[in-house]
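**Q** Input start_3.txt, format and content: compact mmCIF, C-alpha atoms.
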# COMPACT_ATOMS: atom_id res chain seq x y z
CA MET A 1 58.77 -95.84 55.52
CA SER A 2 55.17 -96.97 55.49
CA LYS A 3 53.70 -99.00 58.31
CA LEU A 4 54.43 -102.70 57.92
CA GLY A 5 51.60 -104.99 56.99
CA THR A 6 50.55 -107.90 59.19
CA LEU A 7 51.09 -111.54 58.27
CA TYR A 8 48.02 -113.63 59.07
CA GLY A 9 47.99 -117.42 59.25
CA LEU A 10 44.38 -118.03 58.39
CA GLY A 11 42.76 -121.41 59.00
CA VAL A 12 39.81 -122.04 56.67
CA GLY A 13 38.74 -125.42 58.01
CA PRO A 14 39.03 -129.07 56.97
CA GLY A 15 37.11 -129.04 53.70
CA ASP A 16 33.47 -128.03 54.14
CA PRO A 17 33.35 -124.37 53.00
CA GLU A 18 30.86 -123.57 55.79
CA LEU A 19 33.40 -124.55 58.45
CA ILE A 20 35.15 -121.19 58.35
CA THR A 21 35.08 -118.70 61.21
CA VAL A 22 33.54 -115.26 61.01
CA LYS A 23 36.95 -113.75 61.76
CA ALA A 24 38.62 -115.68 58.94
CA PHE A 25 35.86 -114.56 56.58
CA ARG A 26 36.35 -110.91 57.58
CA LEU A 27 40.11 -111.03 57.09
CA LEU A 28 39.75 -112.68 53.70
CA LYS A 29 37.65 -109.69 52.68
CA GLU A 30 40.00 -107.12 54.21
CA CYS A 31 43.48 -108.38 53.29
CA PRO A 32 44.65 -107.12 49.89
CA VAL A 33 47.09 -110.02 49.47
CA ILE A 34 46.15 -113.68 49.82
CA ALA A 35 48.90 -116.27 49.83
CA TYR A 36 48.25 -119.97 49.43
CA PRO A 37 50.24 -123.20 48.97
CA ARG A 38 50.55 -123.90 45.27
CA LYS A 39 50.03 -127.54 44.36
CA LYS A 40 51.70 -129.30 41.48
CA ARG A 41 49.87 -130.37 38.33
CA GLY A 42 47.36 -127.56 38.59
CA ALA A 43 45.36 -129.11 41.45
CA LYS A 44 43.77 -126.67 43.88
CA SER A 45 44.26 -126.98 47.61
CA TYR A 46 41.20 -127.01 49.85
CA ALA A 47 42.35 -123.69 51.24
CA LEU A 48 42.37 -122.00 47.83
CA ALA A 49 39.08 -123.59 46.74
CA ILE A 50 37.37 -122.37 49.91
CA THR A 51 38.91 -118.91 49.59
CA GLU A 52 37.59 -118.55 46.04
CA LEU A 53 34.05 -119.06 47.33
CA TYR A 54 34.30 -116.08 49.64
CA VAL A 55 36.33 -113.48 47.78
CA ASN A 56 36.70 -112.19 44.24
CA THR A 57 40.27 -113.25 43.53
CA GLU A 58 40.48 -110.79 40.65
CA GLN A 59 40.28 -108.01 43.21
CA LYS A 60 43.11 -109.48 45.29
CA GLU A 61 46.80 -110.01 44.80
CA MET A 62 46.97 -113.80 44.81
CA MET A 63 50.33 -115.36 45.75
CA GLY A 64 50.80 -119.03 44.95
CA LEU A 65 53.71 -120.17 47.13
CA THR A 66 55.67 -123.28 46.22
CA PHE A 67 57.07 -125.34 49.05
CA PRO A 68 59.85 -127.75 48.07
CA MET A 69 59.43 -131.47 48.77
CA THR A 70 63.09 -132.31 49.17
CA ARG A 71 65.63 -133.13 51.86
CA ASP A 72 68.38 -131.17 50.11
CA LYS A 73 69.17 -128.55 52.76
CA GLU A 74 70.64 -126.08 50.30
CA ALA A 75 67.64 -126.32 47.96
CA LEU A 76 65.27 -126.03 50.91
CA GLU A 77 66.95 -122.93 52.27
CA MET A 78 67.08 -121.28 48.86
CA GLN A 79 63.36 -121.86 48.18
CA TRP A 80 62.25 -120.87 51.67
CA THR A 81 64.32 -117.68 51.51
CA LYS A 82 62.66 -116.83 48.20
CA THR A 83 59.21 -117.54 49.68
CA VAL A 84 59.74 -115.46 52.81
CA GLU A 85 61.16 -112.53 50.89
CA SER A 86 58.32 -112.58 48.36
CA VAL A 87 55.81 -112.29 51.22
CA TYR A 88 57.89 -109.62 52.94
CA ALA A 89 57.93 -107.56 49.73
CA HIS A 90 54.18 -107.04 50.19
CA LEU A 91 54.37 -106.48 53.95
CA ILE A 92 57.00 -103.76 53.60
CA GLN A 93 54.56 -101.88 51.36
CA GLY A 94 52.11 -101.81 54.25
CA LYS A 95 49.90 -104.55 52.80
CA ASP A 96 48.42 -107.21 55.06
CA VAL A 97 48.98 -110.77 53.81
CA ALA A 98 46.62 -113.63 54.64
CA PHE A 99 48.25 -117.04 54.24
CA VAL A 100 45.33 -119.46 53.96
CA THR A 101 45.74 -122.99 55.19
CA GLU A 102 43.59 -126.08 55.57
CA GLY A 103 42.48 -126.85 59.11
CA ASP A 104 44.27 -124.84 61.79
CA PRO A 105 47.43 -122.85 61.00
CA MET A 106 49.19 -124.00 64.18
CA ILE A 107 48.67 -127.74 63.73
CA TYR A 108 51.08 -129.39 61.26
CA SER A 109 50.76 -126.46 58.88
CA THR A 110 53.15 -124.97 56.33
CA TYR A 111 52.36 -121.62 57.92
CA ILE A 112 54.32 -122.59 61.05
CA HIS A 113 57.63 -122.65 59.18
CA LEU A 114 56.77 -119.49 57.26
CA MET A 115 55.99 -117.70 60.55
CA ARG A 116 59.21 -118.89 62.20
CA LEU A 117 61.42 -117.83 59.30
CA MET A 118 59.66 -114.47 59.05
CA ASN A 119 60.24 -113.93 62.78
CA GLU A 120 63.92 -114.81 62.36
CA ARG A 121 64.63 -112.70 59.30
CA HIS A 122 62.18 -109.86 59.81
CA PRO A 123 61.34 -109.73 63.54
CA GLU A 124 59.61 -106.39 63.06
CA VAL A 125 56.77 -108.12 61.21
CA LYS A 126 53.68 -108.90 63.27
CA ALA A 127 52.46 -112.44 62.66
CA VAL A 128 48.96 -113.36 63.82
CA SER A 129 47.40 -116.81 63.77
CA ILE A 130 43.63 -117.13 63.22
CA PRO A 131 42.51 -120.55 64.50
CA GLY A 132 40.51 -122.84 62.28
CA ILE A 133 38.63 -126.11 62.64
CA SER A 134 41.07 -128.96 62.11
CA SER A 135 40.42 -132.34 60.52
CA ILE A 136 40.96 -133.75 64.01
CA ASN A 137 37.96 -131.87 65.43
CA ALA A 138 35.93 -132.49 62.30
CA SER A 139 36.56 -136.24 62.43
CA ALA A 140 35.24 -136.50 65.97
CA SER A 141 32.05 -134.73 64.91
CA ARG A 142 31.59 -136.83 61.77
CA LEU A 143 32.07 -140.05 63.75
CA GLY A 144 30.02 -138.92 66.73
CA ILE A 145 32.91 -139.97 68.95
CA PRO A 146 34.19 -137.75 71.79
CA LEU A 147 37.95 -137.47 71.62
CA ALA A 148 38.30 -136.93 75.36
CA ASP A 149 36.00 -136.76 78.37
CA GLY A 150 36.68 -136.20 82.05
CA ASP A 151 40.25 -137.21 82.89
CA GLU A 152 40.87 -139.10 79.66
CA GLN A 153 44.02 -138.48 77.65
CA ILE A 154 44.22 -137.88 73.92
CA ALA A 155 47.24 -137.94 71.60
CA ILE A 156 47.74 -136.59 68.08
CA VAL A 157 50.41 -138.70 66.42
CA PRO A 158 51.91 -138.61 62.91
CA ALA A 159 51.70 -142.24 61.81
CA MET A 160 55.07 -143.80 61.02
CA ASP A 161 56.60 -147.11 60.04
CA ASP A 162 57.45 -148.04 63.63
CA TYR A 163 55.33 -150.79 65.17
CA ASP A 164 56.53 -150.27 68.75
CA LYS A 165 55.93 -146.50 68.76
CA MET A 166 52.49 -146.84 67.24
CA ARG A 167 51.51 -149.56 69.70
CA LYS A 168 52.83 -147.56 72.65
CA ALA A 169 50.81 -144.50 71.60
CA ILE A 170 47.60 -146.54 71.68
CA GLU A 171 48.47 -148.31 74.92
CA GLU A 172 49.24 -145.08 76.78
CA HIS A 173 46.21 -143.01 75.74
CA ASP A 174 42.44 -143.32 75.83
CA CYS A 175 42.17 -141.91 72.32
CA VAL A 176 44.72 -141.43 69.55
CA VAL A 177 44.32 -139.55 66.28
CA PHE A 178 46.90 -140.79 63.81
CA ILE A 179 47.44 -138.35 60.96
CA LYS A 180 49.16 -139.14 57.64
CA VAL A 181 48.16 -142.76 58.08
CA ALA A 182 47.83 -143.69 54.40
CA LYS A 183 51.42 -144.89 53.88
CA VAL A 184 51.41 -147.21 56.90
CA ILE A 185 47.83 -148.45 56.95
CA ASP A 186 48.85 -152.14 56.92
CA LEU A 187 51.21 -151.67 59.86
CA MET A 188 48.50 -149.83 61.78
CA LEU A 189 46.03 -152.65 61.14
CA SER A 190 48.61 -155.11 62.47
CA VAL A 191 48.95 -153.08 65.67
CA LEU A 192 45.19 -152.90 66.10
CA ARG A 193 44.78 -156.64 65.61
CA ASP A 194 47.48 -157.44 68.14
CA LEU A 195 45.76 -155.18 70.68
CA SER A 196 42.29 -156.53 69.80
CA LEU A 197 41.18 -152.98 68.98
CA VAL A 198 40.22 -153.24 65.31
CA ASN A 199 36.59 -152.51 66.22
CA LYS A 200 37.68 -149.38 68.09
CA ALA A 201 39.20 -147.67 65.07
CA SER A 202 37.80 -145.57 62.23
CA VAL A 203 39.51 -144.09 59.17
CA LEU A 204 38.51 -140.90 57.39
CA THR A 205 39.72 -139.32 54.16
CA LYS A 206 39.22 -135.64 53.21
CA VAL A 207 36.82 -135.24 56.11
CA THR A 208 33.81 -132.88 55.59
CA SER A 209 34.70 -132.26 51.95
CA SER A 210 32.64 -133.39 48.97
CA GLU A 211 35.17 -136.22 48.55
CA GLU A 212 34.92 -137.47 52.12
CA GLU A 213 35.13 -141.21 52.79
CA ILE A 214 34.66 -142.93 56.15
CA TRP A 215 35.51 -146.52 57.07
CA ARG A 216 34.28 -147.92 60.37
CA ASN A 217 35.27 -151.44 59.35
CA VAL A 218 38.97 -150.74 58.95
CA ASP A 219 39.86 -154.36 58.15
CA GLU A 220 38.72 -153.74 54.59
CA LEU A 221 41.57 -151.28 54.12
CA GLN A 222 44.25 -153.96 54.14
CA GLY A 223 46.50 -153.40 51.13
CA ARG A 224 44.52 -150.37 49.96
CA GLU A 225 46.04 -147.18 48.60
CA LEU A 226 44.58 -144.22 50.43
CA GLU A 227 44.65 -140.47 49.81
CA TYR A 228 47.31 -138.42 51.61
CA LEU A 229 44.68 -136.56 53.65
CA THR A 230 43.68 -139.63 55.65
CA LEU A 231 43.61 -140.07 59.40
CA MET A 232 42.68 -142.79 61.87
CA VAL A 233 40.86 -142.36 65.17
CA VAL A 234 41.37 -145.07 67.80
CA ARG A 235 39.05 -144.65 70.80
CA LYS A 236 39.33 -147.31 73.49
So that I can check it, write out the structure of this file as structure tokens.

**A**
Amino acid sequence: MSKLGTLYGLGVGPGDPELITVKAFRLLKECPVIAYPRKKRGAKSYALAITELYVNTEQKEMMGLTFPMTRDKEALEMQWTKTVESVYAHLIQGKDVAFVTEGDPMIYSTYIHLMRLMNERHPEVKAVSIPGISSINASASRLGIPLADGDEQIAIVPAMDDYDKMRKAIEEHDCVVFIKVAKVIDLMLSVLRDLSLVNKASVLTKVTSSEEEIWRNVDELQGRELEYLTLMVVRK
């Protein structure tokens, strides 16, 4: 039996192609197999678009992995089993696989579930995470706002349709980064108004990419439809 390949979770940054680490660049060059989340309707993910700038994809085995958007447990398990086994089929041949992901592979990434299932079903496989710059870090830089200083506390919170939880998160921390905020933007604005903190919030979409948008006057977002890749930074 040949030596097993290594599974790499490879963060390629938040959108700007230059925000990729030297290590990620090297592994993109070295790994014979590059896996990426396949989007519907032919749209490319940031991760794939960035990858294509740095490697000749015709010289690689490119694996577009489909991740089901369903709550049907049976359908989920079936698709995830298929995904894990398709990756393992390359690893068992001794080929290293780089799974490229936007931002950092260990922050709200599809790679996390892939790594866990691979560890469960094929514990002999070595899984290595290569950190990347997240949209959270990138947003602080684009805004020129420190997320935390001294003894201050910061929270990273998935925004949800729960007024009390969202309010509590802001009240208990000096700075909160709310991810996936697009679907509850009106609720978040309500919380900010009640806390008199509207002027302490900023919203960013597709940060550092060519499609980036930044709103420092968040009041104008009332009733707006925003892109999925949108976050809010509240810094008291």

**Q** If I take CA of Ile154 (chain A) and CA of Ala47 (chain A), how far is one from the other in Å, to one decimal?

**A**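 Here the two named atoms are 26.8 Å from each other.
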
**Q** From the list A:Leu7, A:Ala148, A:Ile133, A:Leu226, which residue is nearest Lys95 (chain A) when using all atoms listed in the file?

**A**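 The shortest atom-to-atom distance to Lys95 (chain A) comes from A:Leu7.
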
**Q** Give me the residues within 7 Å of region 76-84 of chain A as number ranges by chain, counting all atoms listed in the file and dropping any in the same chain fewer than 3 places off.

**A** A: 65, 68, 70, 72-73, 87-88, 114, 118

**Q** Measure the distance from CA of Tyr228 (chain A) to CA of Pro14 (chain A) in Å and round it to one decimal.

**A** 13.6 Å

**Q** Within 12 Å of (40.0, -117.8, 49.9) (coordinates as in the file), grab all the protein and nucleic acid residues, counting all atoms listed in the file, and write them out as an MDAnalysis selection string.

**A** chainID A and resid 10:13 17 20 24:37 44:64 98:102

**Q** Using only C-alpha atoms, which residue out of A:Ala75, A:Val233, A:Leu189, A:Val198 lies closest to Ser141 (chain A)?

**A**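 Going through A:Ala75, A:Val233, A:Leu189, A:Val198 one by one, the smallest distance to Ser141 (chain A) is for A:Val233.
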
**Q** Please, what distance in Å, to one decimal, runs between CA of Leu221 (chain A) and CA of Asp186 (chain A)?

**A** 7.8 Å

**Q** Residues at most 6 Å from region 203-219 of chain A, counting only C-alpha atoms, excluding those fewer than 4 positions away in the same chain, as a PyMOL selection string?

**A** chain A and resi 15-16+229-232

**Q** Considering all atoms listed in the file, state which residue in the set A:Val128, A:Leu117, A:Ala169, A:Val97 is at the smallest distance from Arg235 (chain A).

**A**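 The answer is A:Ala169, which sits nearest to Arg235 (chain A).
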
**Q** Using only C-alpha atoms, which residue out of A:Leu143, A:Ser86, A:Lys126, A:Val22 lies closest to Gly5 (chain A)?

**A**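 Smallest separation from Gly5 (chain A) among the options: A:Lys126.
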
**Q** Fewer than 6 positions away in the same chain doesn't count, so skip those; otherwise give me all residues within 12 Å of Tyr163 (chain A), counting all atoms listed in the file, as a list in words.

**A**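 Here the answer would be Ala169, Ile170, Val184, Ile185, Asp186, Leu187, Met188, Leu189, Ser190, Val191, Leu192, Asp194 and Leu195 of chain A.
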
**Q** Write the residues you've just listed into a file as a CSV table (one decimal), in the coordinates of the input, and include C-alpha atoms for each of them.

**A**
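The result, written out as part_15.csv:
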chain,number,residue,atom,x,y,z
A,169,ALA,CA,50.8,-144.5,71.6
A,170,ILE,CA,47.6,-146.5,71.7
A,184,VAL,CA,51.4,-147.2,56.9
A,185,ILE,CA,47.8,-148.4,57.0
A,186,ASP,CA,48.8,-152.1,56.9
A,187,LEU,CA,51.2,-151.7,59.9
A,188,MET,CA,48.5,-149.8,61.8
A,189,LEU,CA,46.0,-152.6,61.1
A,190,SER,CA,48.6,-155.1,62.5
A,191,VAL,CA,49.0,-153.1,65.7
A,192,LEU,CA,45.2,-152.9,66.1
A,194,ASP,CA,47.5,-157.4,68.1
A,195,LEU,CA,45.8,-155.2,70.7

**Q** Quick one: of A:Gln93, A:Thr6, A:Thr110, A:Asn119, who's nearest to Arg38 (chain A), counting only C-alpha atoms?

**A**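 Among the listed residues, the smallest separation from Arg38 (chain A) belongs to A:Thr110.
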
**Q** Go through region 131-150 of chain A and flag each residue having an atom no more than 10 Å from region 173-176 of chain A; for those, report the closest pair of atoms plus their distance in Å to one decimal, using only C-alpha atoms, ordered by chain and rising number, as CSV.

**A**
residue,atom,partner,partner_atom,distance
A:Pro146,CA,A:Cys175,CA,9.0
A:Leu147,CA,A:Cys175,CA,6.2
A:Ala148,CA,A:Cys175,CA,7.0
A:Asp149,CA,A:Asp174,CA,9.5

**Q** From the list A:Arg193, A:Gly223, A:Pro131, A:Thr21, which residue is nearest Pro105 (chain A) when using only C-alpha atoms?

**A** A:Pro131

**Q** Mind filling out region 154-165 of chain A with all heavy atoms and sending it as an mmCIF file, in the coordinates of the input?

**A**
data_model
loop_
_atom_site.group_PDB
_atom_site.id
_atom_site.type_symbol
_atom_site.label_atom_id
_atom_site.label_comp_id
_atom_site.auth_asym_id
_atom_site.auth_seq_id
_atom_site.Cartn_x
_atom_site.Cartn_y
_atom_site.Cartn_z
ATOM 1 N N ILE A 154 44.252 -137.758 75.379
ATOM 2 C CA ILE A 154 44.220 -137.880 73.920
ATOM 3 C C ILE A 154 45.600 -137.555 73.362
ATOM 4 O O ILE A 154 46.321 -136.700 73.897
ATOM 5 C CB ILE A 154 43.159 -136.939 73.305
ATOM 6 C CG1 ILE A 154 43.180 -137.041 71.786
ATOM 7 C CG2 ILE A 154 43.338 -135.506 73.762
ATOM 8 C CD1 ILE A 154 42.122 -136.210 71.108
ATOM 9 N N ALA A 155 45.965 -138.224 72.271
ATOM 10 C CA ALA A 155 47.240 -137.940 71.600
ATOM 11 C C ALA A 155 46.982 -137.723 70.115
ATOM 12 O O ALA A 155 46.110 -138.361 69.525
ATOM 13 C CB ALA A 155 48.215 -139.089 71.796
ATOM 14 N N ILE A 156 47.746 -136.808 69.525
ATOM 15 C CA ILE A 156 47.740 -136.590 68.080
ATOM 16 C C ILE A 156 49.113 -137.022 67.589
ATOM 17 O O ILE A 156 50.129 -136.435 67.981
ATOM 18 C CB ILE A 156 47.468 -135.120 67.736
ATOM 19 C CG1 ILE A 156 46.120 -134.677 68.323
ATOM 20 C CG2 ILE A 156 47.489 -134.909 66.226
ATOM 21 C CD1 ILE A 156 45.900 -133.184 68.282
ATOM 22 N N VAL A 157 49.139 -138.059 66.777
ATOM 23 C CA VAL A 157 50.410 -138.700 66.420
ATOM 24 C C VAL A 157 50.551 -138.850 64.909
ATOM 25 O O VAL A 157 49.681 -139.437 64.263
ATOM 26 C CB VAL A 157 50.496 -140.103 67.068
ATOM 27 C CG1 VAL A 157 51.795 -140.798 66.685
ATOM 28 C CG2 VAL A 157 50.360 -140.009 68.590
ATOM 29 N N PRO A 158 51.645 -138.336 64.330
ATOM 30 C CA PRO A 158 51.910 -138.610 62.910
ATOM 31 C C PRO A 158 52.238 -140.099 62.768
ATOM 32 O O PRO A 158 53.179 -140.591 63.394
ATOM 33 C CB PRO A 158 53.119 -137.744 62.594
ATOM 34 C CG PRO A 158 53.182 -136.726 63.694
ATOM 35 C CD PRO A 158 52.635 -137.410 64.900
ATOM 36 N N ALA A 159 51.463 -140.811 61.976
ATOM 37 C CA ALA A 159 51.700 -142.240 61.810
ATOM 38 C C ALA A 159 53.038 -142.482 61.122
ATOM 39 O O ALA A 159 53.407 -141.768 60.197
ATOM 40 C CB ALA A 159 50.569 -142.864 60.996
ATOM 41 N N MET A 160 53.763 -143.504 61.599
ATOM 42 C CA MET A 160 55.070 -143.800 61.020
ATOM 43 C C MET A 160 55.299 -145.305 60.985
ATOM 44 O O MET A 160 54.594 -146.078 61.646
ATOM 45 C CB MET A 160 56.188 -143.114 61.809
ATOM 46 C CG MET A 160 56.275 -143.561 63.257
ATOM 47 S SD MET A 160 57.544 -142.654 64.183
ATOM 48 C CE MET A 160 56.751 -141.053 64.347
ATOM 49 N N ASP A 161 56.291 -145.696 60.225
ATOM 50 C CA ASP A 161 56.600 -147.110 60.040
ATOM 51 C C ASP A 161 57.418 -147.616 61.230
ATOM 52 O O ASP A 161 58.584 -147.981 61.096
ATOM 53 C CB ASP A 161 57.365 -147.297 58.728
ATOM 54 C CG ASP A 161 57.498 -148.763 58.359
ATOM 55 O OD1 ASP A 161 56.778 -149.597 58.947
ATOM 56 O OD2 ASP A 161 58.332 -149.077 57.488
ATOM 57 N N ASP A 162 56.788 -147.614 62.399
ATOM 58 C CA ASP A 162 57.450 -148.040 63.630
ATOM 59 C C ASP A 162 56.406 -148.710 64.522
ATOM 60 O O ASP A 162 55.661 -148.031 65.233
ATOM 61 C CB ASP A 162 58.083 -146.840 64.342
ATOM 62 C CG ASP A 162 58.965 -147.243 65.527
ATOM 63 O OD1 ASP A 162 58.567 -148.165 66.277
ATOM 64 O OD2 ASP A 162 60.024 -146.629 65.716
ATOM 65 N N TYR A 163 56.358 -150.028 64.456
ATOM 66 C CA TYR A 163 55.330 -150.790 65.170
ATOM 67 C C TYR A 163 55.304 -150.467 66.661
ATOM 68 O O TYR A 163 54.247 -150.201 67.237
ATOM 69 C CB TYR A 163 55.576 -152.289 64.966
ATOM 70 C CG TYR A 163 54.604 -153.183 65.718
ATOM 71 C CD1 TYR A 163 53.473 -153.702 65.095
ATOM 72 C CD2 TYR A 163 54.836 -153.518 67.056
ATOM 73 C CE1 TYR A 163 52.583 -154.514 65.788
ATOM 74 C CE2 TYR A 163 53.958 -154.323 67.758
ATOM 75 C CZ TYR A 163 52.831 -154.818 67.129
ATOM 76 O OH TYR A 163 51.951 -155.613 67.833
ATOM 77 N N ASP A 164 56.467 -150.468 67.295
ATOM 78 C CA ASP A 164 56.530 -150.270 68.750
ATOM 79 C C ASP A 164 56.005 -148.900 69.170
ATOM 80 O O ASP A 164 55.272 -148.779 70.159
ATOM 81 C CB ASP A 164 57.960 -150.462 69.251
ATOM 82 C CG ASP A 164 58.424 -151.906 69.132
ATOM 83 O OD1 ASP A 164 57.563 -152.811 69.127
ATOM 84 O OD2 ASP A 164 59.647 -152.134 69.037
ATOM 85 N N LYS A 165 56.382 -147.856 68.416
ATOM 86 C CA LYS A 165 55.930 -146.500 68.760
ATOM 87 C C LYS A 165 54.424 -146.358 68.563
ATOM 88 O O LYS A 165 53.738 -145.709 69.370
ATOM 89 C CB LYS A 165 56.668 -145.457 67.925
ATOM 90 C CG LYS A 165 58.097 -145.208 68.381
ATOM 91 C CD LYS A 165 58.722 -144.064 67.604
ATOM 92 C CE LYS A 165 60.133 -143.784 68.119
ATOM 93 N NZ LYS A 165 60.771 -142.644 67.374
#
